[in-house]
file upload21.txt (compact mmCIF, C-alpha atoms and all ligand atoms)
# COMPACT_ATOMS: atom_id res chain seq x y z
CA MET A 1 1.80 -8.32 22.49
CA ILE A 2 2.42 -11.94 23.65
CA HIS A 3 0.95 -13.11 26.96
CA ASN A 4 0.91 -16.87 26.83
CA GLU A 5 4.11 -18.32 28.26
CA ASN A 6 3.05 -21.98 28.42
CA ASP A 7 5.53 -23.05 25.81
CA LYS A 8 8.44 -20.90 26.85
CA THR A 9 10.73 -22.18 24.12
CA ILE A 10 8.49 -21.07 21.31
CA PHE A 11 7.11 -17.92 22.94
CA ASP A 12 10.62 -16.72 23.76
CA LEU A 13 11.50 -17.10 20.10
CA ILE A 14 8.35 -15.25 19.02
CA LYS A 15 9.32 -12.42 21.38
CA LYS A 16 12.79 -12.34 19.90
CA GLU A 17 11.33 -12.22 16.41
CA TYR A 18 9.03 -9.37 17.44
CA TYR A 19 12.07 -7.55 18.80
CA ARG A 20 14.00 -8.22 15.58
CA GLN A 21 11.14 -6.94 13.41
CA THR A 22 10.77 -3.83 15.59
CA ASN A 23 14.45 -2.98 15.65
CA THR A 24 15.50 -3.52 12.07
CA ILE A 25 14.93 -1.62 8.84
CA ASN A 26 13.05 -4.10 6.69
CA LEU A 27 13.70 -3.68 2.99
CA ILE A 28 12.54 -7.14 1.90
CA ALA A 29 10.31 -6.39 -1.07
CA SER A 30 7.85 -9.22 -0.41
CA GLU A 31 7.22 -8.47 3.28
CA ASN A 32 4.99 -6.05 5.17
CA TYR A 33 3.47 -5.47 8.61
CA VAL A 34 -0.21 -6.35 9.01
CA SER A 35 -2.66 -4.50 11.22
CA HIS A 36 -3.45 -5.58 14.75
CA ASP A 37 -6.92 -6.66 13.58
CA ILE A 38 -5.41 -9.01 11.01
CA MET A 39 -3.12 -10.49 13.66
CA LEU A 40 -6.12 -11.03 15.95
CA ALA A 41 -8.13 -12.74 13.22
CA GLN A 42 -5.24 -15.07 12.42
CA GLY A 43 -4.75 -15.98 16.06
CA SER A 44 -8.48 -16.58 16.59
CA CYS A 45 -10.68 -19.67 17.09
CA LEU A 46 -11.24 -19.77 13.34
CA THR A 47 -8.08 -21.85 13.11
CA ASN A 48 -10.09 -24.70 14.69
CA LYS A 49 -12.67 -24.93 11.93
CA TYR A 50 -12.81 -27.26 8.94
CA ALA A 51 -14.82 -25.91 6.00
CA GLU A 52 -14.01 -27.86 2.84
CA GLY A 53 -16.21 -26.62 0.03
CA LYS A 54 -17.57 -23.15 -0.68
CA PRO A 55 -19.85 -20.91 1.42
CA ASN A 56 -23.26 -22.60 1.95
CA ASN A 57 -22.02 -25.73 0.20
CA ARG A 58 -19.61 -27.42 2.63
CA TYR A 59 -18.60 -30.93 3.56
CA TYR A 60 -18.84 -30.12 7.31
CA GLY A 61 -21.48 -28.96 9.75
CA GLY A 62 -21.10 -25.88 11.94
CA CYS A 63 -20.08 -23.59 9.09
CA LYS A 64 -22.65 -20.79 9.45
CA ASN A 65 -20.16 -18.22 10.77
CA VAL A 66 -17.30 -19.11 8.46
CA ASP A 67 -19.72 -19.13 5.51
CA LEU A 68 -20.48 -15.48 6.24
CA ILE A 69 -16.80 -14.63 6.73
CA GLU A 70 -15.79 -16.17 3.40
CA SER A 71 -18.73 -14.54 1.56
CA ILE A 72 -17.82 -11.12 2.99
CA CYS A 73 -14.19 -11.71 2.05
CA ILE A 74 -15.17 -12.52 -1.56
CA ASP A 75 -17.44 -9.46 -1.81
CA ARG A 76 -14.75 -7.14 -0.46
CA ALA A 77 -12.16 -8.49 -2.91
CA LYS A 78 -14.61 -8.07 -5.80
CA LYS A 79 -15.22 -4.47 -4.78
CA LEU A 80 -11.53 -3.66 -4.30
CA PHE A 81 -10.32 -5.10 -7.61
CA LYS A 82 -13.59 -4.59 -9.58
CA VAL A 83 -13.81 -8.22 -10.65
CA GLU A 84 -16.67 -10.63 -11.19
CA TYR A 85 -15.01 -13.72 -9.70
CA VAL A 86 -12.72 -14.34 -6.73
CA ASN A 87 -11.55 -17.48 -4.95
CA VAL A 88 -10.01 -16.53 -1.60
CA GLN A 89 -9.01 -20.04 -0.52
CA PRO A 90 -5.47 -20.55 -1.95
CA HIS A 91 -3.05 -20.94 0.93
CA SER A 92 -0.35 -18.99 -0.93
CA GLY A 93 0.55 -17.41 -4.24
CA SER A 94 2.23 -20.63 -5.37
CA GLN A 95 -0.94 -22.60 -4.51
CA ALA A 96 -3.01 -20.09 -6.48
CA ASN A 97 -0.76 -20.52 -9.51
CA PHE A 98 -0.79 -24.29 -9.13
CA ALA A 99 -4.60 -24.37 -9.08
CA VAL A 100 -4.84 -22.06 -12.11
CA MET A 101 -2.40 -24.18 -14.12
CA LEU A 102 -4.21 -27.36 -13.13
CA SER A 103 -7.40 -25.84 -14.45
CA LEU A 104 -5.85 -24.81 -17.79
CA LEU A 105 -3.20 -27.38 -18.67
CA LYS A 106 -2.50 -31.06 -19.14
CA PHE A 107 0.83 -32.78 -18.49
CA ASN A 108 3.49 -31.55 -20.97
CA ASP A 109 1.43 -28.63 -22.29
CA VAL A 110 3.46 -25.54 -23.16
CA ILE A 111 3.68 -22.41 -20.98
CA LEU A 112 5.58 -19.14 -21.42
CA GLY A 113 6.65 -16.85 -18.56
CA LEU A 114 9.34 -14.39 -17.52
CA ASP A 115 12.67 -16.13 -16.83
CA LEU A 116 13.32 -16.54 -13.08
CA GLN A 117 16.78 -14.99 -13.44
CA HIS A 118 15.19 -11.99 -15.17
CA GLY A 119 12.63 -11.30 -12.44
CA GLY A 120 10.02 -14.03 -12.94
CA HIS A 121 8.75 -16.38 -10.24
CA LEU A 122 9.46 -20.06 -9.54
CA THR A 123 5.86 -20.97 -10.42
CA HIS A 124 6.11 -19.34 -13.86
CA GLY A 125 8.01 -22.26 -15.36
CA SER A 126 11.21 -22.80 -13.38
CA SER A 127 12.67 -26.26 -13.98
CA VAL A 128 12.81 -27.02 -10.23
CA ASN A 129 9.12 -26.15 -9.66
CA PHE A 130 5.90 -28.02 -10.59
CA SER A 131 5.43 -25.47 -13.38
CA GLY A 132 8.63 -26.57 -15.11
CA ILE A 133 8.34 -30.24 -14.11
CA LEU A 134 4.77 -30.92 -15.23
CA TYR A 135 4.69 -28.54 -18.19
CA LYS A 136 7.00 -27.75 -21.08
CA SER A 137 8.10 -24.28 -20.13
CA TYR A 138 9.75 -21.51 -22.14
CA SER A 139 10.75 -18.12 -20.89
CA PHE A 140 11.14 -14.61 -22.26
CA LYS A 141 13.89 -12.36 -21.01
CA LEU A 142 14.82 -8.77 -20.32
CA ASN A 143 16.78 -6.68 -22.78
CA LYS A 144 20.37 -6.68 -21.52
CA ASN A 145 20.90 -2.96 -22.09
CA THR A 146 17.61 -1.53 -20.91
CA GLY A 147 16.59 -4.03 -18.21
CA LEU A 148 13.07 -3.92 -19.69
CA ILE A 149 11.01 -6.87 -20.91
CA ASP A 150 12.04 -7.83 -24.41
CA TYR A 151 8.57 -7.91 -25.98
CA THR A 152 10.05 -9.06 -29.29
CA ASP A 153 11.48 -12.10 -27.51
CA LEU A 154 8.08 -12.69 -25.90
CA LYS A 155 6.29 -12.42 -29.23
CA ASN A 156 8.78 -14.61 -31.10
CA LYS A 157 8.63 -17.33 -28.45
CA ALA A 158 4.84 -17.16 -28.33
CA TYR A 159 4.64 -17.68 -32.11
CA LYS A 160 7.33 -20.35 -32.12
CA PHE A 161 6.26 -22.48 -29.14
CA LYS A 162 2.50 -21.78 -29.16
CA PRO A 163 2.04 -21.83 -25.37
CA LYS A 164 -1.43 -22.58 -24.01
CA VAL A 165 -0.75 -20.16 -21.18
CA ILE A 166 1.31 -16.95 -21.09
CA ILE A 167 2.09 -15.80 -17.55
CA CYS A 168 3.00 -12.23 -16.80
CA GLY A 169 4.22 -10.88 -13.48
CA GLY A 170 7.29 -11.52 -11.40
CA SER A 171 9.20 -11.27 -8.16
CA SER A 172 11.95 -8.84 -9.01
CA TYR A 173 10.78 -7.04 -12.15
CA VAL A 174 10.79 -3.35 -11.33
CA ARG A 175 8.93 -1.92 -14.32
CA ASP A 176 5.34 -1.95 -15.51
CA TRP A 177 3.80 -4.44 -17.95
CA ASP A 178 2.13 -4.00 -21.34
CA TYR A 179 -0.83 -6.32 -20.69
CA LYS A 180 -2.70 -5.12 -23.76
CA PHE A 181 0.14 -6.17 -26.05
CA ILE A 182 0.47 -9.56 -24.34
CA ARG A 183 -3.27 -10.17 -24.73
CA THR A 184 -3.09 -9.37 -28.44
CA ILE A 185 -0.28 -11.90 -28.92
CA ALA A 186 -2.16 -14.46 -26.82
CA ASP A 187 -5.37 -14.00 -28.83
CA SER A 188 -3.51 -14.62 -32.07
CA ILE A 189 -2.37 -18.07 -30.83
CA ASN A 190 -5.44 -18.88 -28.71
CA ALA A 191 -3.49 -18.72 -25.46
CA ILE A 192 -4.84 -17.80 -22.05
CA VAL A 193 -3.10 -14.92 -20.22
CA VAL A 194 -2.54 -15.27 -16.48
CA ALA A 195 -1.27 -12.22 -14.60
CA ASP A 196 0.42 -12.91 -11.28
CA ILE A 197 0.22 -9.54 -9.50
CA SER A 198 1.51 -10.80 -6.14
CA HIS A 199 4.01 -7.99 -5.68
CA ILE A 200 2.02 -5.15 -7.19
CA SER A 201 -1.60 -5.87 -6.19
CA GLY A 202 -1.72 -2.83 -3.88
CA PHE A 203 -0.86 -0.55 -6.79
CA VAL A 204 -3.26 -2.36 -9.14
CA ALA A 205 -6.15 -1.95 -6.68
CA HIS A 206 -5.66 1.81 -6.84
CA ASN A 207 -4.70 2.13 -10.52
CA LEU A 208 -1.18 3.28 -9.64
CA MET A 209 0.23 0.86 -12.22
CA ASN A 210 -1.21 -0.52 -15.47
CA ASN A 211 -4.25 -2.58 -14.63
CA PRO A 212 -4.06 -6.17 -15.95
CA ILE A 213 -7.60 -7.02 -14.89
CA PRO A 214 -9.41 -5.98 -18.09
CA TYR A 215 -6.79 -7.63 -20.32
CA CYS A 216 -5.81 -10.87 -18.63
CA HIS A 217 -8.15 -13.86 -18.45
CA ILE A 218 -7.10 -14.88 -14.94
CA ILE A 219 -5.30 -12.94 -12.19
CA THR A 220 -3.52 -14.43 -9.18
CA SER A 221 -2.00 -12.64 -6.23
CA THR A 222 -0.60 -13.08 -2.80
CA THR A 223 -2.25 -10.99 -0.10
CA HIS A 224 0.77 -10.23 2.08
CA LYS A 225 3.06 -8.01 0.02
CA THR A 226 2.02 -4.49 -1.01
CA LEU A 227 -1.59 -5.43 -0.19
CA ARG A 228 -0.56 -5.71 3.50
CA GLY A 229 -2.82 -8.63 4.37
CA PRO A 230 -2.19 -12.07 5.85
CA ARG A 231 0.09 -14.60 4.18
CA GLY A 232 -2.04 -16.20 1.45
CA GLY A 233 -3.27 -16.22 -2.15
CA ILE A 234 -6.29 -15.34 -4.29
CA ILE A 235 -7.50 -16.02 -7.84
CA MET A 236 -9.65 -13.51 -9.75
CA MET A 237 -11.32 -12.98 -13.12
CA HIS A 238 -12.64 -9.70 -14.48
CA LYS A 239 -15.35 -11.66 -16.29
CA ASP A 240 -16.09 -15.33 -15.99
CA PHE A 241 -16.01 -17.17 -19.35
CA PRO A 242 -16.96 -20.58 -20.76
CA ASN A 243 -14.08 -23.07 -20.72
CA PRO A 244 -12.33 -23.16 -24.10
CA TRP A 245 -12.48 -26.98 -24.34
CA ASN A 246 -16.27 -27.21 -24.15
CA LEU A 247 -16.17 -29.37 -21.02
CA LYS A 248 -19.70 -29.95 -19.73
CA ASN A 249 -21.03 -30.22 -16.19
CA LYS A 250 -23.53 -32.79 -14.93
CA ASN A 251 -26.43 -30.69 -16.23
CA ASN A 252 -24.88 -30.96 -19.71
CA LYS A 253 -24.05 -27.25 -19.70
CA ILE A 254 -20.64 -25.91 -20.79
CA LYS A 255 -18.66 -25.35 -17.58
CA MET A 256 -17.67 -21.79 -16.79
CA MET A 257 -14.00 -21.23 -15.90
CA SER A 258 -15.04 -20.24 -12.37
CA GLU A 259 -16.39 -23.75 -11.82
CA ILE A 260 -13.18 -25.33 -13.10
CA ILE A 261 -10.91 -23.04 -11.06
CA ASP A 262 -12.96 -23.59 -7.89
CA SER A 263 -12.58 -27.34 -8.20
CA SER A 264 -8.88 -27.00 -9.01
CA VAL A 265 -8.43 -25.19 -5.69
CA PHE A 266 -10.57 -27.71 -3.80
CA PRO A 267 -10.39 -30.68 -4.18
CA GLY A 268 -7.75 -30.32 -6.94
CA THR A 269 -4.84 -28.93 -4.97
CA GLN A 270 -6.04 -28.21 -1.41
CA GLY A 271 -8.19 -29.59 1.36
CA GLY A 272 -9.71 -27.37 4.04
CA PRO A 273 -9.37 -23.62 3.59
CA LEU A 274 -7.60 -21.67 6.37
CA MET A 275 -10.60 -19.78 7.75
CA HIS A 276 -8.51 -17.68 10.16
CA VAL A 277 -6.47 -16.48 7.18
CA ILE A 278 -9.60 -15.87 5.09
CA ALA A 279 -10.90 -13.65 7.92
CA GLY A 280 -7.55 -11.81 7.81
CA LYS A 281 -7.90 -11.42 4.04
CA ALA A 282 -11.41 -9.97 4.49
CA ILE A 283 -10.01 -7.36 6.91
CA ALA A 284 -7.13 -6.58 4.54
CA PHE A 285 -9.48 -5.99 1.58
CA LEU A 286 -11.53 -3.57 3.68
CA GLU A 287 -8.39 -1.76 4.87
CA ALA A 288 -7.00 -1.58 1.32
CA ASN A 289 -10.16 0.17 0.17
CA SER A 290 -9.58 3.09 2.54
CA LYS A 291 -8.18 6.57 1.96
CA GLU A 292 -5.51 5.80 4.54
CA TYR A 293 -4.29 2.80 2.53
CA TYR A 294 -4.37 4.85 -0.69
CA ASN A 295 -2.06 7.41 0.93
CA TYR A 296 0.15 4.58 2.15
CA ILE A 297 0.50 2.85 -1.23
CA LEU A 298 1.15 6.19 -2.95
CA GLN A 299 3.94 6.82 -0.44
CA VAL A 300 5.39 3.31 -1.08
CA LYS A 301 5.84 4.32 -4.71
CA LYS A 302 7.27 7.75 -3.88
CA ASN A 303 9.72 6.21 -1.41
CA ALA A 304 10.93 3.66 -3.97
CA ASN A 305 11.47 6.40 -6.48
CA ILE A 306 13.38 8.63 -4.09
CA LEU A 307 15.53 5.73 -2.85
CA SER A 308 16.34 4.85 -6.47
CA GLN A 309 17.37 8.41 -7.28
CA TYR A 310 19.49 8.61 -4.15
CA LEU A 311 21.31 5.36 -4.89
CA ILE A 312 21.92 6.42 -8.49
CA SER A 313 23.39 9.70 -7.20
CA LYS A 314 25.84 7.58 -5.16
CA ASN A 315 26.94 5.67 -8.27
CA TYR A 316 24.84 2.52 -7.77
CA GLU A 317 23.73 0.78 -10.92
CA LEU A 318 20.03 -0.09 -10.83
CA ILE A 319 18.51 -2.58 -13.23
CA SER A 320 16.49 -0.51 -15.75
CA GLY A 321 17.76 2.69 -14.09
CA GLY A 322 14.93 3.01 -11.57
CA THR A 323 11.55 1.55 -10.69
CA ASP A 324 7.82 1.81 -11.42
CA ASN A 325 6.81 -0.09 -8.29
CA HIS A 326 8.16 -0.76 -4.77
CA ILE A 327 11.14 -2.88 -5.87
CA ILE A 328 14.70 -1.75 -6.59
CA LEU A 329 17.21 -4.20 -8.03
CA VAL A 330 20.80 -3.09 -7.41
CA ASN A 331 23.62 -4.46 -9.58
CA LEU A 332 26.68 -4.56 -7.30
CA CYS A 333 29.23 -5.45 -10.00
CA ASN A 334 30.69 -1.92 -10.16
CA LYS A 335 31.26 -2.08 -6.38
CA ASN A 336 33.23 -5.34 -6.69
CA VAL A 337 31.11 -7.17 -4.10
CA ASN A 338 28.46 -9.87 -4.39
CA GLY A 339 24.86 -10.00 -3.16
CA ALA A 340 25.26 -12.71 -0.50
CA TYR A 341 28.17 -10.88 1.11
CA ILE A 342 26.41 -7.50 1.14
CA GLU A 343 23.16 -9.02 2.45
CA GLN A 344 25.15 -10.21 5.50
CA LYS A 345 26.99 -6.92 5.96
CA LEU A 346 23.74 -4.94 5.78
CA GLU A 347 22.13 -7.26 8.31
CA LYS A 348 25.00 -6.55 10.72
CA ALA A 349 23.87 -2.92 10.55
CA ASN A 350 20.15 -3.76 11.03
CA LEU A 351 19.29 -3.36 7.35
CA ILE A 352 17.41 -6.43 6.09
CA VAL A 353 17.50 -7.13 2.34
CA ASN A 354 17.80 -10.19 0.12
CA LYS A 355 20.52 -11.15 -2.28
CA ASN A 356 19.07 -11.40 -5.77
CA VAL A 357 20.24 -12.54 -9.17
CA ILE A 358 20.31 -9.85 -11.81
CA PRO A 359 19.47 -10.46 -15.48
CA TYR A 360 22.32 -12.37 -17.22
CA ASP A 361 23.97 -12.89 -13.81
CA GLN A 362 27.32 -14.69 -13.94
CA LYS A 363 26.99 -15.72 -10.29
CA SER A 364 24.81 -18.46 -8.79
CA SER A 365 21.52 -17.80 -6.97
CA LYS A 366 23.29 -18.53 -3.67
CA ILE A 367 25.88 -15.77 -4.31
CA THR A 368 24.30 -13.37 -6.84
CA SER A 369 25.49 -10.05 -8.25
CA GLY A 370 22.65 -8.03 -6.80
CA ILE A 371 20.42 -7.15 -3.90
CA ARG A 372 16.68 -6.50 -4.01
CA LEU A 373 15.23 -3.66 -1.94
CA GLY A 374 11.57 -2.87 -1.36
CA THR A 375 9.70 -0.03 0.29
CA ALA A 376 6.35 -1.66 1.22
CA ALA A 377 7.27 -2.68 4.80
CA ILE A 378 9.19 0.42 5.85
CA THR A 379 6.48 2.70 4.51
CA SER A 380 4.07 0.97 6.93
CA ARG A 381 6.23 2.58 9.64
CA ASN A 382 5.31 5.99 8.30
CA ILE A 383 8.62 6.60 6.59
CA LYS A 384 8.50 9.61 4.28
CA GLU A 385 10.68 11.29 1.67
CA LYS A 386 13.49 12.61 3.90
CA ASP A 387 13.62 9.42 5.97
CA ILE A 388 14.06 7.19 2.94
CA ILE A 389 17.11 9.22 1.94
CA GLU A 390 18.58 8.50 5.37
CA ILE A 391 18.00 4.79 4.75
CA GLY A 392 19.72 5.14 1.38
CA GLU A 393 22.70 6.71 3.11
CA PHE A 394 22.84 3.91 5.72
CA ILE A 395 22.95 1.38 2.87
CA ASN A 396 25.61 3.38 1.09
CA GLN A 397 27.76 3.68 4.23
CA VAL A 398 27.66 -0.09 4.80
CA ILE A 399 28.60 -0.90 1.22
CA GLN A 400 31.38 1.73 1.17
CA ASN A 401 32.79 0.35 4.43
CA HIS A 402 31.98 -3.32 3.93
CA ASN A 403 35.42 -4.45 5.09
CA ASN A 404 35.50 -2.34 8.25
CA ASP A 405 33.53 -4.01 11.07
CA ASN A 406 34.12 -1.11 13.47
CA ILE A 407 32.37 1.31 11.13
CA ILE A 408 29.57 -1.21 10.51
CA ASN A 409 29.06 -1.50 14.29
CA LYS A 410 28.76 2.28 14.53
CA ILE A 411 26.22 2.30 11.70
CA LYS A 412 24.31 -0.38 13.61
CA GLN A 413 24.09 1.89 16.67
CA ASN A 414 22.82 4.70 14.44
CA THR A 415 20.19 2.53 12.74
CA SER A 416 19.05 1.13 16.13
CA ASN A 417 18.42 4.62 17.48
CA TRP A 418 16.96 5.87 14.22
CA ILE A 419 14.36 3.13 13.66
CA ARG A 420 12.89 3.74 17.15
CA LYS A 421 11.48 6.99 15.79
CA PHE A 422 9.16 4.89 13.61
CA PRO A 423 7.15 2.57 15.86
CA LEU A 424 5.40 -0.44 14.42
CA ASN A 425 1.72 0.46 14.54
CA HIS A 426 0.66 -2.56 12.55
N1 LIG B 501 9.50 -15.32 -2.30
C1 LIG B 501 8.66 -14.28 -2.84
C2 LIG B 501 9.42 -13.03 -3.02
O1 LIG B 501 10.24 -12.75 -2.17
O2 LIG B 501 9.20 -12.30 -3.97
C3 LIG B 501 8.04 -14.75 -4.03
O3 LIG B 501 7.43 -15.98 -3.79
call {"tool": "encode", "arguments": {"input": "upload21.txt", "output": "structure tokens"}}
result
Amino acid sequence: MIHNENDKTIFDLIKKEYYRQTNTINLIASENYVSHDIMLAQGSCLTNKYAEGKPNNRYYGGCKNVDLIESICIDRAKKLFKVEYVNVQPHSGSQANFAVMLSLLKFNDVILGLDLQHGGHLTHGSSVNFSGILYKSYSFKLNKNTGLIDYTDLKNKAYKFKPKVIICGGSSYVRDWDYKFIRTIADSINAIVVADISHISGFVAHNLMNNPIPYCHIITSTTHKTLRGPRGGIIMMHKDFPNPWNLKNKNNKIKMMSEIIDSSVFPGTQGGPLMHVIAGKAIAFLEANSKEYYNYILQVKKNANILSQYLISKNYELISGGTDNHIILVNLCNKNVNGAYIEQKLEKANLIVNKNVIPYDQKSSKITSGIRLGTAAITSRNIKEKDIIEIGEFINQVIQNHNNDNIINKIKQNTSNWIRKFPLNH
């Protein structure tokens, strides 16, 4: 894997990280393992190249190869998601959302998104993020009893606050979305709907969840979660449309949204695109269009469902009682432990998760009442139905014996031996 030992300090740490990734059971919902080809592309000479601008319209010479790479990347994304427009340059999901908001909003304009504590994302209006600092942000919540989006709350807030942008999508929302309903509400107040499908884009590409693309004006995503590509972002539109403010370009023609979004990415919020990452994205879009990936993403969903059922059978309380995607949000209150504590205990047994607030959490985001589990990464290790139950039992054993370090050490030995059966092929 790693040959270059010139900088021993850093390469030793990379080796250790490789060892850690190989020898732990990764249940972090936002992570995955990319293919060897994607690793190669990201470690290639493309990292040396500046290419501000768009293919065949750059601010630098020497772009003929990267022009082709970016054009192929765009074409593959269009084919995978069946969209008319894609910008593959955002460095991350947050950058994609920043560029989209810059293209739609002015300082202090109103936005509406899912509350961070209820499963939304920082960039959907959190007060500590640009989206809550530059814009007046309101949030809709989950129903306390069902753990599902409270669409009445969404509708009431949309009518009351008249947001210019409604954002759907989230980081720890485990159920599907009613995009059609949200679009109807948005149309009645002339709002634009942005769907951030960062977590679920792998399912969306294969219609394994509701597809936001026909209903939402603009779609953003990361490429490194269920999609299993390099760390980065994209922006898409099913159909390009004229900007709603009648802004004109230098030819006195009404600007299309694609033109506005492109310039919000560069020069609006970024400089040079990361061409090595764009090459990785191109490979990921090709891989995600394969039968092999389809079988993988189907299995991700099956595994999440089976893990949910297993945990419920062991008296764990799951937000909304299950999942429609790869994420499971466990409420630990009935076990009398908090999320931060259990995250550490699980890590001692080689099970990697993240502490997570639950809706209406009484604890802070540093402590939390829950943990978030995800099945995208482990499924890349070819983990199937019976294996995921074994993982569920490892988790259960740690939580049941959280105050007995001897037992946790024994579980660690078991998990170390067990995970070796599932080599990292990616
Ligand atoms: N931090 C990502 C996640 O874990 O879901 C979202 O940005």
call {"tool": "residues_near_ligand", "arguments": {"input": "upload21.txt", "ligand": "ligand LIG 501 (chain B)", "cutoff": "12 Å", "atoms": "all atoms listed in the file", "output": "PyMOL selection string"}}
result
chain A and resi 27-32+92-97+116+119-124+129+169-174+196-200+221-226+231-233+326-327+353-356+371-374
call {"tool": "residues_near_point", "arguments": {"input": "upload21.txt", "point": "(-9.7, -19.6, 10.4)", "cutoff": "10 Å", "atoms": "all atoms listed in the file", "output": "VMD selection string"}}
result
chain A and resid 41 to 51 66 69 to 70 273 to 280
call {"tool": "closest_residue", "arguments": {"input": "upload21.txt", "among": "A:Ala99, A:Leu298, A:Met237, A:Ile185", "to": "Gly202 in chain A", "atoms": "all atoms listed in the file"}}
result
A:Leu298
call {"tool": "closest_atom_pairs", "arguments": {"input": "upload21.txt", "of": "range 245-340 of chain A", "to": "range 379-393 of chain A", "cutoff": "9 Å", "atoms": "only C-alpha atoms", "output": "tab-separated table"}}
result
residue	atom	partner	partner_atom	distance
A:Tyr296	CA	A:Thr379	CA	7.0
A:Ile297	CA	A:Thr379	CA	8.3
A:Gln299	CA	A:Thr379	CA	6.9
A:Val300	CA	A:Thr379	CA	5.7
A:Lys302	CA	A:Glu385	CA	7.4
A:Asn303	CA	A:Glu385	CA	6.0
A:Ala304	CA	A:Ile388	CA	8.4
A:Ile306	CA	A:Glu385	CA	6.9
A:Leu307	CA	A:Gly392	CA	6.0
A:Ser308	CA	A:Gly392	CA	8.6
A:Tyr310	CA	A:Gly392	CA	6.5
A:Leu311	CA	A:Gly392	CA	6.5
A:Lys314	CA	A:Glu393	CA	8.9
call {"tool": "closest_atom_pairs", "arguments": {"input": "upload21.txt", "of": "range 27-120 of chain A", "to": "range 250-258 of chain A", "cutoff": "12 Å", "atoms": "all atoms listed in the file", "output": "JSON lines"}}
result
{"residue": "A:Glu84", "atom": "CA", "partner": "A:Ser258", "partner_atom": "CA", "distance": 9.8}
{"residue": "A:Tyr85", "atom": "CA", "partner": "A:Ser258", "partner_atom": "CA", "distance": 7.0}
{"residue": "A:Val86", "atom": "CA", "partner": "A:Ser258", "partner_atom": "CA", "distance": 8.5}
{"residue": "A:Asn87", "atom": "CA", "partner": "A:Ser258", "partner_atom": "CA", "distance": 8.7}
{"residue": "A:Ala99", "atom": "CA", "partner": "A:Ser258", "partner_atom": "CA", "distance": 11.7}
{"residue": "A:Val100", "atom": "CA", "partner": "A:Met257", "partner_atom": "CA", "distance": 9.9}
{"residue": "A:Leu102", "atom": "CA", "partner": "A:Met257", "partner_atom": "CA", "distance": 11.9}
{"residue": "A:Ser103", "atom": "CA", "partner": "A:Met257", "partner_atom": "CA", "distance": 8.2}
{"residue": "A:Leu104", "atom": "CA", "partner": "A:Met257", "partner_atom": "CA", "distance": 9.1}
call {"tool": "atom_distance", "arguments": {"input": "upload21.txt", "atom1": "CA of Ile419 in chain A", "atom2": "CA of Ile25 in chain A"}}
result
6.8 Å
call {"tool": "closest_residue", "arguments": {"input": "upload21.txt", "among": "A:Pro163, A:Pro212, A:Gly339, A:Pro242", "to": "Phe181 in chain A", "atoms": "only C-alpha atoms"}}
result
A:Pro212
call {"tool": "residues_near_point", "arguments": {"input": "upload21.txt", "point": "(23.1, -1.6, 2.5)", "cutoff": "9 Å", "atoms": "all atoms listed in the file", "output": "MDAnalysis selection string"}}
result
chainID A and resid 342:343 345:347 349 351:353 371 391:399
call {"tool": "residues_around", "arguments": {"input": "upload21.txt", "residues": "Lys82 in chain A", "least_positions_apart": "5", "cutoff": "10 Å", "atoms": "all atoms listed in the file", "output": "MDAnalysis selection string"}}
result
chainID A and resid 75:77 205 213:214 236:239
call {"tool": "write_last_selection", "arguments": {"input": "upload21.txt", "atoms": "C-alpha atoms", "output": "PDB file, in the coordinates of the input"}}
result
ATOM      1  CA  ASP A  75     -17.440  -9.460  -1.810  1.00  0.00           C
ATOM      2  CA  ARG A  76     -14.750  -7.140  -0.460  1.00  0.00           C
ATOM      3  CA  ALA A  77     -12.160  -8.490  -2.910  1.00  0.00           C
ATOM      4  CA  ALA A 205      -6.150  -1.950  -6.680  1.00  0.00           C
ATOM      5  CA  ILE A 213      -7.600  -7.020 -14.890  1.00  0.00           C
ATOM      6  CA  PRO A 214      -9.410  -5.980 -18.090  1.00  0.00           C
ATOM      7  CA  MET A 236      -9.650 -13.510  -9.750  1.00  0.00           C
ATOM      8  CA  MET A 237     -11.320 -12.980 -13.120  1.00  0.00           C
ATOM      9  CA  HIS A 238     -12.640  -9.700 -14.480  1.00  0.00           C
ATOM     10  CA  LYS A 239     -15.350 -11.660 -16.290  1.00  0.00           C
TER      11      LYS A 239
END
call {"tool": "atom_distance", "arguments": {"input": "upload21.txt", "atom1": "CA of Ile219 in chain A", "atom2": "CA of Val193 in chain A"}}
result
8.6 Å
call {"tool": "atom_distance", "arguments": {"input": "upload21.txt", "atom1": "CA of Gly229 in chain A", "atom2": "CA of Val34 in chain A"}}
result
5.8 Å
call {"tool": "closest_residue", "arguments": {"input": "upload21.txt", "among": "A:Asn295, A:Thr323, A:Thr146, A:Ser264", "to": "Asp176 in chain A", "atoms": "all atoms listed in the file"}}
result
A:Thr323
call {"tool": "closest_residue", "arguments": {"input": "upload21.txt", "among": "A:Lys301, A:Lys79, A:Lys248, A:Lys15", "to": "Leu208 in chain A", "atoms": "only C-alpha atoms"}}
result
A:Lys301
call {"tool": "closest_residue", "arguments": {"input": "upload21.txt", "among": "A:Leu68, A:Asn207, A:Lys348, A:Asp109", "to": "Ser416 in chain A", "atoms": "only C-alpha atoms"}}
result
A:Lys348
call {"tool": "closest_residue", "arguments": {"input": "upload21.txt", "among": "A:Arg183, A:Lys421, A:Arg20, A:Lys335", "to": "Gln400 in chain A", "atoms": "only C-alpha atoms"}}
result
A:Lys335
